[in-house]
>>> print(open('data_35.tsv').read())   # TSV, C-alpha atoms and all ligand atoms
chain	number	residue	atom	x	y	z
T	32	MET	CA	-43.64	18.33	-1.21
T	33	VAL	CA	-40.32	18.84	-2.97
T	34	THR	CA	-37.35	17.71	-0.92
T	35	LYS	CA	-34.51	20.20	-1.15
T	36	VAL	CA	-31.00	18.72	-1.28
T	37	VAL	CA	-28.20	20.90	0.06
T	38	ARG	CA	-24.63	19.72	-0.38
T	39	VAL	CA	-22.11	20.83	2.18
T	40	ASP	CA	-18.49	20.21	3.03
T	41	PRO	CA	-18.72	17.63	5.85
T	42	ASP	CA	-15.87	19.23	7.78
T	43	ARG	CA	-16.65	22.91	7.19
T	44	PRO	CA	-20.29	23.31	6.15
T	45	ASP	CA	-21.34	26.65	4.68
T	46	LEU	CA	-22.95	28.52	7.55
T	47	LEU	CA	-25.58	30.13	5.33
T	48	ASP	CA	-26.79	26.66	4.27
T	49	ILE	CA	-26.80	25.58	7.91
T	50	ALA	CA	-28.72	28.71	8.96
T	51	ARG	CA	-31.45	27.95	6.40
T	52	ALA	CA	-31.77	24.35	7.55
T	53	ALA	CA	-31.86	25.50	11.18
T	54	GLU	CA	-34.66	27.95	10.34
T	55	CYS	CA	-36.60	25.15	8.66
T	56	LEU	CA	-36.28	23.06	11.85
T	57	ARG	CA	-37.38	25.95	14.06
T	58	ARG	CA	-40.48	26.39	11.90
T	59	GLY	CA	-41.45	22.75	12.32
T	60	GLY	CA	-39.89	21.32	9.14
T	61	LEU	CA	-38.31	17.91	8.64
T	62	VAL	CA	-34.57	18.09	7.91
T	63	ALA	CA	-32.32	15.07	7.37
T	64	PHE	CA	-28.68	15.59	8.32
T	65	PRO	CA	-25.52	13.51	8.74
T	66	THR	CA	-24.29	12.44	12.14
T	67	GLU	CA	-21.16	10.36	12.65
T	68	THR	CA	-23.33	7.24	13.02
T	69	VAL	CA	-26.13	7.43	10.44
T	70	TYR	CA	-28.24	10.18	8.88
T	71	GLY	CA	-30.91	11.49	11.25
T	72	LEU	CA	-34.31	12.94	10.35
T	73	GLY	CA	-34.53	16.02	12.55
T	74	VAL	CA	-37.54	17.84	13.87
T	75	HIS	CA	-38.15	20.46	16.60
T	76	ALA	CA	-38.42	18.20	19.66
T	77	LEU	CA	-40.77	20.53	21.55
T	78	ASP	CA	-43.21	20.97	18.62
T	79	ARG	CA	-45.79	18.21	18.97
T	80	ASP	CA	-47.36	18.68	15.55
T	81	ALA	CA	-43.97	18.53	13.88
T	82	VAL	CA	-43.11	15.37	15.82
T	83	ARG	CA	-46.34	13.74	14.66
T	84	LYS	CA	-45.50	14.71	11.07
T	85	LEU	CA	-42.14	12.98	11.47
T	86	PHE	CA	-43.68	9.69	12.61
T	87	GLU	CA	-45.98	9.87	9.59
T	88	ALA	CA	-43.17	10.59	7.12
T	89	LYS	CA	-41.16	7.60	8.37
T	90	GLY	CA	-44.12	5.29	8.77
T	91	ARG	CA	-42.82	4.69	12.29
T	92	PRO	CA	-45.11	3.29	14.99
T	93	ALA	CA	-45.81	5.91	17.67
T	94	SER	CA	-44.71	3.37	20.27
T	95	ASP	CA	-41.02	3.73	19.31
T	96	PRO	CA	-39.40	6.66	21.19
T	97	LEU	CA	-37.02	9.18	19.59
T	98	ILE	CA	-33.56	10.40	20.58
T	99	VAL	CA	-33.31	14.12	21.36
T	100	HIS	CA	-30.13	15.72	20.01
T	101	VAL	CA	-28.59	18.86	21.48
T	102	ALA	CA	-25.46	20.90	20.80
T	103	ALA	CA	-24.22	21.31	24.36
T	104	PHE	CA	-24.47	19.72	27.78
T	105	ASP	CA	-26.14	22.78	29.40
T	106	GLN	CA	-29.21	22.27	27.15
T	107	ILE	CA	-29.96	18.96	28.85
T	108	GLN	CA	-31.00	20.39	32.22
T	109	ALA	CA	-34.29	21.64	30.72
T	110	LEU	CA	-35.14	18.20	29.32
T	111	VAL	CA	-34.66	16.04	32.42
T	112	THR	CA	-35.82	16.00	36.04
T	113	ALA	CA	-32.50	14.77	37.35
T	114	LEU	CA	-28.97	14.46	36.05
T	115	PRO	CA	-27.12	11.68	37.86
T	116	ALA	CA	-23.49	12.44	38.71
T	117	HIS	CA	-22.19	9.72	36.42
T	118	ALA	CA	-23.97	11.34	33.45
T	119	ALA	CA	-21.46	14.18	33.67
T	120	ALA	CA	-18.53	11.74	33.78
T	121	LEU	CA	-19.85	9.86	30.73
T	122	ALA	CA	-20.52	13.12	28.91
T	123	ALA	CA	-16.99	14.34	29.61
T	124	ARG	CA	-15.50	11.20	28.14
T	125	PHE	CA	-17.85	10.28	25.29
T	126	TRP	CA	-19.63	13.49	24.13
T	127	PRO	CA	-19.82	14.69	21.53
T	128	GLY	CA	-20.01	11.18	20.14
T	129	PRO	CA	-22.03	8.04	19.40
T	130	LEU	CA	-23.52	7.61	22.88
T	131	THR	CA	-27.17	8.13	23.83
T	132	LEU	CA	-28.16	8.44	27.50
T	133	VAL	CA	-31.64	7.57	28.76
T	134	LEU	CA	-32.58	9.96	31.59
T	135	PRO	CA	-35.73	10.87	33.55
T	136	ARG	CA	-37.93	13.02	31.30
T	137	ALA	CA	-38.96	16.58	32.20
T	138	ALA	CA	-42.55	17.66	31.44
T	139	SER	CA	-41.22	20.02	28.76
T	140	VAL	CA	-40.53	17.04	26.47
T	141	PRO	CA	-43.77	16.09	24.70
T	142	PRO	CA	-44.92	12.51	25.25
T	143	GLU	CA	-45.00	12.06	21.45
T	144	VAL	CA	-41.20	12.17	21.50
T	145	THR	CA	-40.79	9.51	24.18
T	146	ALA	CA	-43.74	7.32	23.20
T	147	GLY	CA	-45.32	8.14	26.54
T	148	LEU	CA	-42.31	6.93	28.56
T	149	GLN	CA	-41.19	8.80	31.66
T	150	THR	CA	-37.65	8.74	30.31
T	151	VAL	CA	-35.98	10.61	27.46
T	152	ALA	CA	-33.01	9.57	25.32
T	153	ILE	CA	-30.43	12.32	24.69
T	154	ARG	CA	-27.32	12.58	22.55
T	155	ILE	CA	-24.72	15.17	21.57
T	156	PRO	CA	-23.46	14.05	18.15
T	157	ALA	CA	-19.90	14.70	16.98
T	158	HIS	CA	-20.35	15.23	13.23
T	159	PRO	CA	-19.39	18.84	12.33
T	160	VAL	CA	-22.58	19.24	10.24
T	161	ALA	CA	-24.80	17.98	13.06
T	162	ARG	CA	-23.02	20.18	15.57
T	163	ALA	CA	-23.31	23.27	13.37
T	164	LEU	CA	-26.99	22.60	12.70
T	165	LEU	CA	-27.87	22.00	16.36
T	166	SER	CA	-25.96	25.12	17.44
T	167	ALA	CA	-27.61	27.27	14.81
T	168	ALA	CA	-31.08	25.91	15.59
T	169	GLY	CA	-30.65	26.45	19.32
T	170	ILE	CA	-33.45	23.98	20.04
T	171	PRO	CA	-33.47	20.31	21.01
T	172	VAL	CA	-33.89	18.23	17.85
T	173	ALA	CA	-35.58	14.83	17.91
T	174	ALA	CA	-34.02	12.65	15.22
T	175	PRO	CA	-34.55	8.99	14.41
T	176	SER	CA	-32.51	7.42	11.64
T	177	ALA	CA	-33.68	8.96	8.35
T	178	ASN	CA	-35.00	5.75	6.77
T	179	LEU	CA	-38.49	4.45	6.20
T	180	PHE	CA	-39.50	2.24	9.11
T	181	SER	CA	-38.17	-1.30	8.56
T	182	ARG	CA	-35.45	-0.25	6.06
T	183	PRO	CA	-31.72	-0.24	6.81
T	184	SER	CA	-30.48	3.00	8.36
T	185	PRO	CA	-29.09	5.53	5.86
T	186	THR	CA	-25.37	6.22	5.80
T	187	ARG	CA	-25.50	8.49	2.73
T	188	ALA	CA	-27.85	11.24	1.54
T	189	ALA	CA	-28.82	9.05	-1.43
T	190	HIS	CA	-30.19	6.44	1.00
T	191	VAL	CA	-32.33	9.12	2.64
T	192	LEU	CA	-33.71	10.16	-0.74
T	193	ASP	CA	-34.40	6.55	-1.73
T	194	ASP	CA	-36.73	6.28	1.26
T	195	LEU	CA	-38.03	9.79	1.94
T	196	ASP	CA	-37.83	11.91	-1.23
T	197	GLY	CA	-40.98	14.01	-1.41
T	198	ARG	CA	-41.88	13.29	2.23
T	199	ILE	CA	-39.46	15.65	4.00
T	200	ASP	CA	-38.42	19.30	3.55
T	201	MET	CA	-34.66	19.01	3.20
T	202	VAL	CA	-31.61	16.76	3.18
T	203	ILE	CA	-28.20	18.12	4.07
T	204	ASP	CA	-25.78	16.00	2.06
T	205	GLY	CA	-22.50	15.75	3.95
T	206	GLY	CA	-21.25	12.57	2.28
T	207	ALA	CA	-20.95	9.12	3.81
T	208	THR	CA	-21.08	8.77	7.60
T	209	THR	CA	-18.01	7.29	9.27
T	210	VAL	CA	-19.25	5.01	12.07
T	211	GLY	CA	-22.15	3.56	10.10
T	212	VAL	CA	-24.08	1.90	12.95
T	213	GLU	CA	-26.41	3.72	15.33
T	214	SER	CA	-25.31	5.11	18.69
T	215	THR	CA	-24.91	3.07	21.84
T	216	VAL	CA	-28.04	3.54	24.00
T	217	LEU	CA	-27.30	3.48	27.74
T	218	ASP	CA	-30.16	3.59	30.26
T	219	LEU	CA	-29.11	5.54	33.37
T	220	THR	CA	-32.54	5.32	34.99
T	221	VAL	CA	-31.98	1.73	36.08
T	222	ASP	CA	-29.45	0.33	38.54
T	223	PRO	CA	-27.06	-0.95	37.36
T	224	PRO	CA	-27.07	1.09	34.12
T	225	ALA	CA	-27.99	-1.01	31.09
T	226	VAL	CA	-26.88	-0.89	27.47
T	227	LEU	CA	-30.12	-1.17	25.49
T	228	ARG	CA	-28.43	-1.01	22.10
T	229	PRO	CA	-24.73	-1.73	21.53
T	230	GLY	CA	-22.84	0.74	19.35
T	231	ALA	CA	-19.47	2.32	18.68
T	232	VAL	CA	-19.02	3.36	22.30
T	233	THR	CA	-18.30	-0.16	23.49
T	234	VAL	CA	-19.55	-1.85	26.64
T	235	GLU	CA	-15.89	-2.26	27.65
T	236	ALA	CA	-15.27	1.50	27.31
T	237	LEU	CA	-18.42	2.30	29.31
T	238	GLN	CA	-17.42	-0.14	32.05
T	239	SER	CA	-14.06	1.57	32.43
T	240	THR	CA	-15.86	4.85	33.24
T	241	LEU	CA	-18.84	3.44	35.12
T	242	THR	CA	-18.52	0.17	36.97
T	243	GLY	CA	-21.41	-2.27	36.81
T	244	VAL	CA	-22.70	-1.35	33.35
T	245	ARG	CA	-24.42	-4.40	31.91
T	246	LEU	CA	-25.78	-5.40	28.56
T	247	ALA	CA	-29.57	-5.59	28.67
T	248	PRO	CA	-30.75	-9.00	27.49
T	249	SER	CA	-31.75	-8.58	23.86
T	250	ARG	CA	-34.20	-10.89	22.22
T	251	SER	CA	-32.38	-10.52	18.96
T	252	ALA	CA	-28.79	-10.88	20.15
T	253	ASP	CA	-28.38	-14.62	20.28
T	254	THR	CA	-31.48	-16.48	19.34
T	255	PRO	CA	-33.27	-15.93	16.10
T	256	LEU	CA	-36.95	-15.47	16.78
T	257	PRO	CA	-38.97	-18.59	16.04
T	258	SER	CA	-41.22	-16.71	13.70
T	259	PRO	CA	-39.53	-14.34	11.27
T	260	GLY	CA	-42.91	-12.73	10.71
T	261	LEU	CA	-42.82	-11.46	14.27
T	262	LEU	CA	-39.35	-9.95	13.93
T	263	PRO	CA	-39.15	-6.24	14.57
T	264	LYS	CA	-37.93	-5.67	11.01
T	265	HIS	CA	-35.43	-3.02	11.97
T	266	TYR	CA	-32.34	-2.65	9.83
T	267	ALA	CA	-33.58	-5.23	7.40
T	268	PRO	CA	-33.01	-5.51	3.66
T	269	ARG	CA	-35.95	-6.53	1.46
T	270	ALA	CA	-34.53	-9.91	0.53
T	271	PRO	CA	-34.47	-12.52	3.31
T	272	MET	CA	-31.00	-12.81	4.83
T	273	THR	CA	-29.43	-16.00	6.17
T	274	LEU	CA	-26.45	-15.80	8.52
T	275	TYR	CA	-23.92	-18.60	8.85
T	276	ARG	CA	-22.61	-18.83	12.37
T	277	GLY	CA	-19.62	-20.73	13.72
T	278	GLN	CA	-15.89	-20.98	13.21
T	279	ALA	CA	-14.90	-18.77	10.27
T	280	GLU	CA	-13.78	-21.46	7.82
T	281	ALA	CA	-16.74	-23.74	8.56
T	282	ALA	CA	-19.19	-20.87	8.25
T	283	ARG	CA	-17.63	-19.82	4.96
T	284	ARG	CA	-17.88	-23.35	3.56
T	285	ALA	CA	-21.54	-23.53	4.57
T	286	LEU	CA	-22.18	-20.18	2.91
T	287	VAL	CA	-20.46	-21.19	-0.33
T	288	ALA	CA	-22.36	-24.48	-0.41
T	289	ALA	CA	-25.67	-22.67	0.12
T	290	ALA	CA	-24.80	-20.19	-2.64
T	291	ARG	CA	-23.99	-23.03	-5.04
T	292	ASP	CA	-27.23	-24.79	-4.21
T	293	ALA	CA	-29.28	-21.61	-4.68
T	294	ILE	CA	-27.62	-20.84	-8.03
T	295	ASP	CA	-28.52	-24.36	-9.18
T	296	ARG	CA	-32.12	-23.57	-8.32
T	297	ARG	CA	-31.86	-20.33	-10.37
T	298	VAL	CA	-32.17	-18.17	-7.29
T	299	ARG	CA	-30.48	-14.77	-7.55
T	300	VAL	CA	-27.96	-14.72	-4.70
T	301	GLY	CA	-26.42	-11.70	-2.99
T	302	VAL	CA	-23.58	-12.08	-0.52
T	303	LEU	CA	-22.45	-9.62	2.12
T	304	ALA	CA	-18.87	-10.72	1.75
T	305	THR	CA	-15.60	-10.01	3.47
T	306	SER	CA	-12.57	-10.08	1.20
T	307	GLY	CA	-11.97	-13.70	2.26
T	308	ASP	CA	-15.57	-14.67	1.43
T	309	ALA	CA	-15.30	-12.95	-1.94
T	310	GLY	CA	-12.19	-14.99	-2.69
T	311	ALA	CA	-13.99	-18.23	-1.89
T	312	LEU	CA	-16.89	-17.23	-4.16
T	313	GLU	CA	-14.76	-16.31	-7.14
T	314	GLY	CA	-16.22	-17.36	-10.47
T	315	MET	CA	-19.68	-18.00	-9.01
T	316	ALA	CA	-22.76	-16.15	-10.27
T	317	VAL	CA	-23.45	-14.15	-7.12
T	318	VAL	CA	-23.80	-10.44	-6.47
T	319	ILE	CA	-21.11	-9.41	-4.02
T	320	ALA	CA	-21.44	-6.47	-1.66
T	321	ALA	CA	-18.09	-5.79	-0.02
T	322	PHE	CA	-18.15	-5.97	3.76
T	323	GLY	CA	-14.46	-5.09	4.06
T	324	ALA	CA	-11.32	-6.84	5.09
T	325	GLU	CA	-11.29	-9.69	7.60
T	326	ASP	CA	-11.08	-8.41	11.21
T	327	ASP	CA	-11.77	-4.79	10.31
T	328	ALA	CA	-14.74	-3.96	12.51
T	329	GLU	CA	-14.64	-0.23	11.78
T	330	GLY	CA	-14.65	-0.84	8.04
T	331	ALA	CA	-17.48	-3.36	8.34
T	332	GLY	CA	-19.53	-0.92	10.41
T	333	ALA	CA	-19.09	1.84	7.87
T	334	ARG	CA	-20.08	-0.52	5.02
T	335	LEU	CA	-22.92	-2.59	6.50
T	336	TYR	CA	-26.05	-0.62	5.66
T	337	ALA	CA	-24.80	0.63	2.28
T	338	ALA	CA	-23.98	-2.99	1.38
T	339	LEU	CA	-27.47	-4.21	2.32
T	340	ARG	CA	-29.01	-1.45	0.21
T	341	GLU	CA	-26.73	-2.33	-2.73
T	342	LEU	CA	-27.97	-5.91	-2.59
T	343	ASP	CA	-31.58	-4.75	-2.52
T	344	ALA	CA	-30.92	-2.47	-5.49
T	345	ALA	CA	-29.42	-5.46	-7.35
T	346	GLN	CA	-32.78	-7.20	-6.75
T	347	VAL	CA	-31.33	-10.36	-5.31
T	348	ASP	CA	-33.78	-12.99	-4.07
T	349	VAL	CA	-31.74	-13.98	-1.02
T	350	ILE	CA	-28.82	-12.56	0.93
T	351	LEU	CA	-26.16	-14.76	2.53
T	352	ALA	CA	-23.59	-13.59	5.07
T	353	ARG	CA	-21.31	-14.92	7.75
T	354	ASP	CA	-22.08	-13.95	11.31
T	355	ALA	CA	-19.46	-11.86	13.12
T	356	SER	CA	-17.09	-14.42	14.63
T	357	ARG	CA	-16.30	-12.17	17.59
T	358	ASP	CA	-18.47	-10.48	20.17
T	359	ASP	CA	-16.24	-7.88	21.81
T	360	GLY	CA	-15.85	-4.15	21.21
T	361	LEU	CA	-17.53	-2.91	18.05
T	362	TRP	CA	-18.18	-6.52	16.94
T	363	ARG	CA	-20.97	-6.67	19.52
T	364	ALA	CA	-22.82	-3.87	17.72
T	365	LEU	CA	-22.18	-5.42	14.31
T	366	ARG	CA	-23.43	-8.79	15.43
T	367	ASP	CA	-26.53	-7.17	16.93
T	368	ARG	CA	-27.34	-5.44	13.61
T	369	LEU	CA	-26.62	-8.57	11.56
T	370	HIS	CA	-28.94	-10.61	13.77
T	371	ARG	CA	-31.69	-8.01	13.52
T	372	ALA	CA	-31.38	-7.94	9.75
T	373	ALA	CA	-31.37	-11.74	9.43
T	374	THR	CA	-34.45	-13.87	8.92
T	375	ARG	CA	-32.54	-17.09	9.62
T	376	ILE	CA	-29.35	-18.10	11.43
T	377	VAL	CA	-27.70	-21.39	10.53
T	378	ASP	CA	-25.10	-23.09	12.69
T	379	ALA	CA	-22.17	-24.25	10.59
T	380	ALA	CA	-20.40	-27.42	11.74
T	381	GLU	CA	-17.74	-26.46	14.26
T	382	ARG	CA	-15.23	-28.98	12.96
T	383	ASP	CA	-14.18	-30.08	9.57
T	384	HIS	CA	-15.69	-33.39	8.46
T	385	GLU	CA	-14.08	-34.95	5.42
T	386	PRO	CA	-16.60	-36.90	3.37
T	387	GLY	CA	-16.50	-40.51	4.47
T	388	THR	CA	-14.72	-39.89	7.79
T	401	LIG	O1	-27.01	6.98	16.07
T	401	LIG	C1	-28.19	7.19	16.36
T	401	LIG	O2	-28.64	6.98	17.50
T	401	LIG	C2	-29.10	7.75	15.26
T	401	LIG	C3	-28.64	9.17	14.94
T	401	LIG	C4	-29.56	9.87	13.98
T	401	LIG	O3	-28.50	9.90	16.13
T	401	LIG	N1	-30.47	7.75	15.69
T	401	LIG	C5	-31.19	6.60	15.80
T	401	LIG	O4	-32.49	6.78	16.16
T	401	LIG	O5	-30.71	5.50	15.61
T	401	LIG	P1	-33.61	5.64	16.09
T	401	LIG	O6	-34.88	6.35	16.35
T	401	LIG	O7	-33.49	4.92	14.82
T	401	LIG	O8	-33.28	4.72	17.30
T	401	LIG	C6	-33.52	5.20	18.62
T	401	LIG	C7	-33.36	4.09	19.60
T	401	LIG	C8	-34.48	3.11	19.51
T	401	LIG	O9	-33.97	1.81	19.71
T	401	LIG	C9	-35.37	3.54	20.68
T	401	LIG	O10	-36.15	2.47	21.15
T	401	LIG	C10	-34.34	3.98	21.70
T	401	LIG	O11	-33.35	4.64	20.93
T	401	LIG	N2	-34.91	4.94	22.66
T	401	LIG	C11	-35.31	6.20	22.43
T	401	LIG	N3	-35.83	6.76	23.53
T	401	LIG	C12	-35.77	5.83	24.50
T	401	LIG	C13	-36.15	5.79	25.87
T	401	LIG	N4	-36.72	6.83	26.49
T	401	LIG	N5	-35.92	4.64	26.56
T	401	LIG	C14	-35.34	3.58	25.95
T	401	LIG	N6	-34.96	3.55	24.66
T	401	LIG	C15	-35.17	4.65	23.94
T	402	MG	MG	-33.76	3.63	13.32
>>> encode(input="data_35.tsv", output="structure tokens", more="lines below")
Ligand code: TXA
Ligand code: MG
Amino acid sequence: MVTKVVRVDPDRPDLLDIARAAECLRRGGLVAFPTETVYGLGVHALDRDAVRKLFEAKGRPASDPLIVHVAAFDQIQALVTALPAHAAALAARFWPGPLTLVLPRAASVPPEVTAGLQTVAIRIPAHPVARALLSAAGIPVAAPSANLFSRPSPTRAAHVLDDLDGRIDMVIDGGATTVGVESTVLDLTVDPPAVLRPGAVTVEALQSTLTGVRLAPSRSADTPLPSPGLLPKHYAPRAPMTLYRGQAEAARRALVAAARDAIDRRVRVGVLATSGDAGALEGMAVVIAAFGAEDDAEGAGARLYAALRELDAAQVDVILARDASRDDGLWRALRDRLHRAATRIVDAAERDHEPGT
């Protein structure tokens, strides 16, 4: 299969290009397209054969359910058995946007899409290209992130091609995505509603619309799994990644010391580095992938996956990074992704110890 690449203006895509891509989706094809979060790999959500093809193309286990994307709120009624009142309030405030709602599944949604669950995840994305495509297609579109299973999510068309060239029908290239981390997933079928995956729609923002929203306990959020081999290798680069956790200066010192030690052992080191980290590493033989300015969560989100892919492309043996030092707002999502990508988390000393003191 030859994957067709169609370049469009991200703000005002050519409607003839969009119409062709929409037709491809309606016929059961696999079309990657930009959303404001990451690139999605779209497929007709009600076409079971096409959905099976998608799982195959991604190498994704059938046990991992997909998000169904639609253009407008009135398309949701046909996909769910009930629409709780607060769904409308959340939709009014956050859609179109990086929020996914888990709702009770209607029989019209094939079990292949939801991995056999009685619930279905639904999102109305905000990206103009995604909106135009979904409107033109007029069908619900199931779309996981357009990466091979276990690779970092794609934030550019080139990332999609790196993973899926020759395995999918088309990529709509609308440039780099802006948010850069996947949507917030909120389960409305449990009481109180639970955030299953933190994202750009923050827990704080959700709580101000819907009281009682809680963060579902995540096995990756705080404790590294004892066995890296058992990690669900979502979002992960190829090289093992070590995170240094703790107060910023202490964590940075631990990172620099580890880099120096690795260089001495002739290990090729990559660092996901903020501007401050890069300054501390100046003159050292490390590959730096810029993670943005200190305290710029939006910038870090937009850069994260591209930076991990850059380090893989540079064929580093190990990746070092500092953990997010905050856990509010968008930092929660960033920390979640960093922890999922990491194979090891090291606690840096909280306080400064001068040698000999
Ligand atoms: O930002 C995004 O959400 C991107 C863009 C393309 O929309 N999509 C994305 O899809 O990240 P994917 O397949 O990589 O992640 C979907 C997440 C998974 O964590 C999956 O377990 C969860 O949504 N999910 C899907 N359906 C679910 C359901 N019925 N119940 C609970 N979780 C569900
Ligand atoms: Mg994914």
>>> closest_atom_pairs(input="data_35.tsv", of="chain T", to="ligand MG 402 (chain T)", cutoff="6 Å", atoms="all atoms listed in the file", output="Markdown table")
| residue | atom | partner | partner_atom | distance |
| --- | --- | --- | --- | --- |
| T:Pro175 | CA | T:MG402 | MG | 5.5 |
| T:Ser176 | CA | T:MG402 | MG | 4.3 |
| T:Ser184 | CA | T:MG402 | MG | 6.0 |
>>> residues_around(input="data_35.tsv", residues="Leu132 (chain T)", least_positions_apart="2", cutoff="7 Å", atoms="all atoms listed in the file", output="number ranges by chain")
T: 130, 134, 152-154, 216-219
>>> residues_near_ligand(input="data_35.tsv", ligand="ligand LIG 401 (chain T)", cutoff="6 Å", atoms="all atoms listed in the file", output="VMD selection string")
chain T and resid 68 to 71 95 to 98 133 145 148 150 to 152 174 to 176 213 to 214
>>> atom_distance(input="data_35.tsv", atom1="CA of Phe104 (chain T)", atom2="CA of His117 (chain T)")
13.4 Å
>>> residues_around(input="data_35.tsv", residues="Ala157 (chain T)", least_positions_apart="2", cutoff="12 Å", atoms="all atoms listed in the file", output="PyMOL selection string")
chain T and resi 41-42+65-69+100-103+125-131+154-155+159-165+208-210+214
>>> atom_distance(input="data_35.tsv", atom1="CA of Arg124 (chain T)", atom2="CA of Leu365 (chain T)")
22.6 Å
>>> atom_distance(input="data_35.tsv", atom1="CA of Ala321 (chain T)", atom2="CA of Val232 (chain T)")
24.1 Å
>>> closest_residue(input="data_35.tsv", among="T:Ser239, T:Thr215, T:Thr233, T:Thr374", to="Leu361 (chain T)", atoms="only C-alpha atoms")
T:Thr233
>>> closest_residue(input="data_35.tsv", among="T:Leu237, T:Ala281, T:Leu274, T:Ala290", to="Arg371 (chain T)", atoms="all atoms listed in the file")
T:Leu274
>>> residues_around(input="data_35.tsv", residues="Ala53 (chain T)", least_positions_apart="2", cutoff="10 Å", atoms="only C-alpha atoms", output="ChimeraX atom specification")
/T:47-51,55-58,60,62,73-75,163-170
>>> closest_residue(input="data_35.tsv", among="T:Leu72, T:Val300, T:Ile350, T:Val37", to="Asp194 (chain T)", atoms="all atoms listed in the file")
T:Leu72
>>> residues_around(input="data_35.tsv", residues="region 79-94 of chain T", least_positions_apart="6", cutoff="8 Å", atoms="only C-alpha atoms", output="list in words")
Gly59, Gly60, Leu61, Leu72, Pro141, Glu143, Val144, Ala146, Gly147, Ala173, Ala177, Asn178, Leu179, Phe180, Leu195, Arg198 and Ile199 of chain T
>>> residues_around(input="data_35.tsv", residues="Gly323 (chain T)", least_positions_apart="3", cutoff="8 Å", atoms="only C-alpha atoms", output="tab-separated table (two decimals) with C-alpha atoms, in the frame of the given file")
chain	number	residue	atom	x	y	z
T	304	ALA	CA	-18.87	-10.72	1.75
T	305	THR	CA	-15.60	-10.01	3.47
T	306	SER	CA	-12.57	-10.08	1.20
T	327	ASP	CA	-11.77	-4.79	10.31
T	330	GLY	CA	-14.65	-0.84	8.04
T	331	ALA	CA	-17.48	-3.36	8.34
T	334	ARG	CA	-20.08	-0.52	5.02
>>> residues_near_point(input="data_35.tsv", point="(-24.4, -1.0, 32.0)", cutoff="7 Å", atoms="only C-alpha atoms", output="NGL selection string")
:T and (217 or 223-226 or 243-246)
>>> write_last_selection(input="data_35.tsv", atoms="C-alpha atoms", output="short mmCIF file (atom, residue, chain, number, x, y, z; two decimals), keeping the file's coordinate frame")
data_model
loop_
_atom_site.label_atom_id
_atom_site.label_comp_id
_atom_site.auth_asym_id
_atom_site.auth_seq_id
_atom_site.Cartn_x
_atom_site.Cartn_y
_atom_site.Cartn_z
CA LEU T 217 -27.30 3.48 27.74
CA PRO T 223 -27.06 -0.95 37.36
CA PRO T 224 -27.07 1.09 34.12
CA ALA T 225 -27.99 -1.01 31.09
CA VAL T 226 -26.88 -0.89 27.47
CA GLY T 243 -21.41 -2.27 36.81
CA VAL T 244 -22.70 -1.35 33.35
CA ARG T 245 -24.42 -4.40 31.91
CA LEU T 246 -25.78 -5.40 28.56
#
>>> closest_residue(input="data_35.tsv", among="T:Ala379, T:Ala309, T:Val302, T:Ile319", to="Pro271 (chain T)", atoms="all atoms listed in the file")
T:Val302
>>> residues_near_point(input="data_35.tsv", point="(-22.5, -1.5, 14.2)", cutoff="9 Å", atoms="only C-alpha atoms", output="list of chain:residue names")
T:Thr68, T:Val210, T:Gly211, T:Val212, T:Glu213, T:Ser214, T:Pro229, T:Gly230, T:Ala231, T:Ala328, T:Glu329, T:Ala331, T:Gly332, T:Ala333, T:Leu335, T:Leu361, T:Trp362, T:Arg363, T:Ala364, T:Leu365, T:Arg366, T:Asp367, T:Arg368, T:Leu369
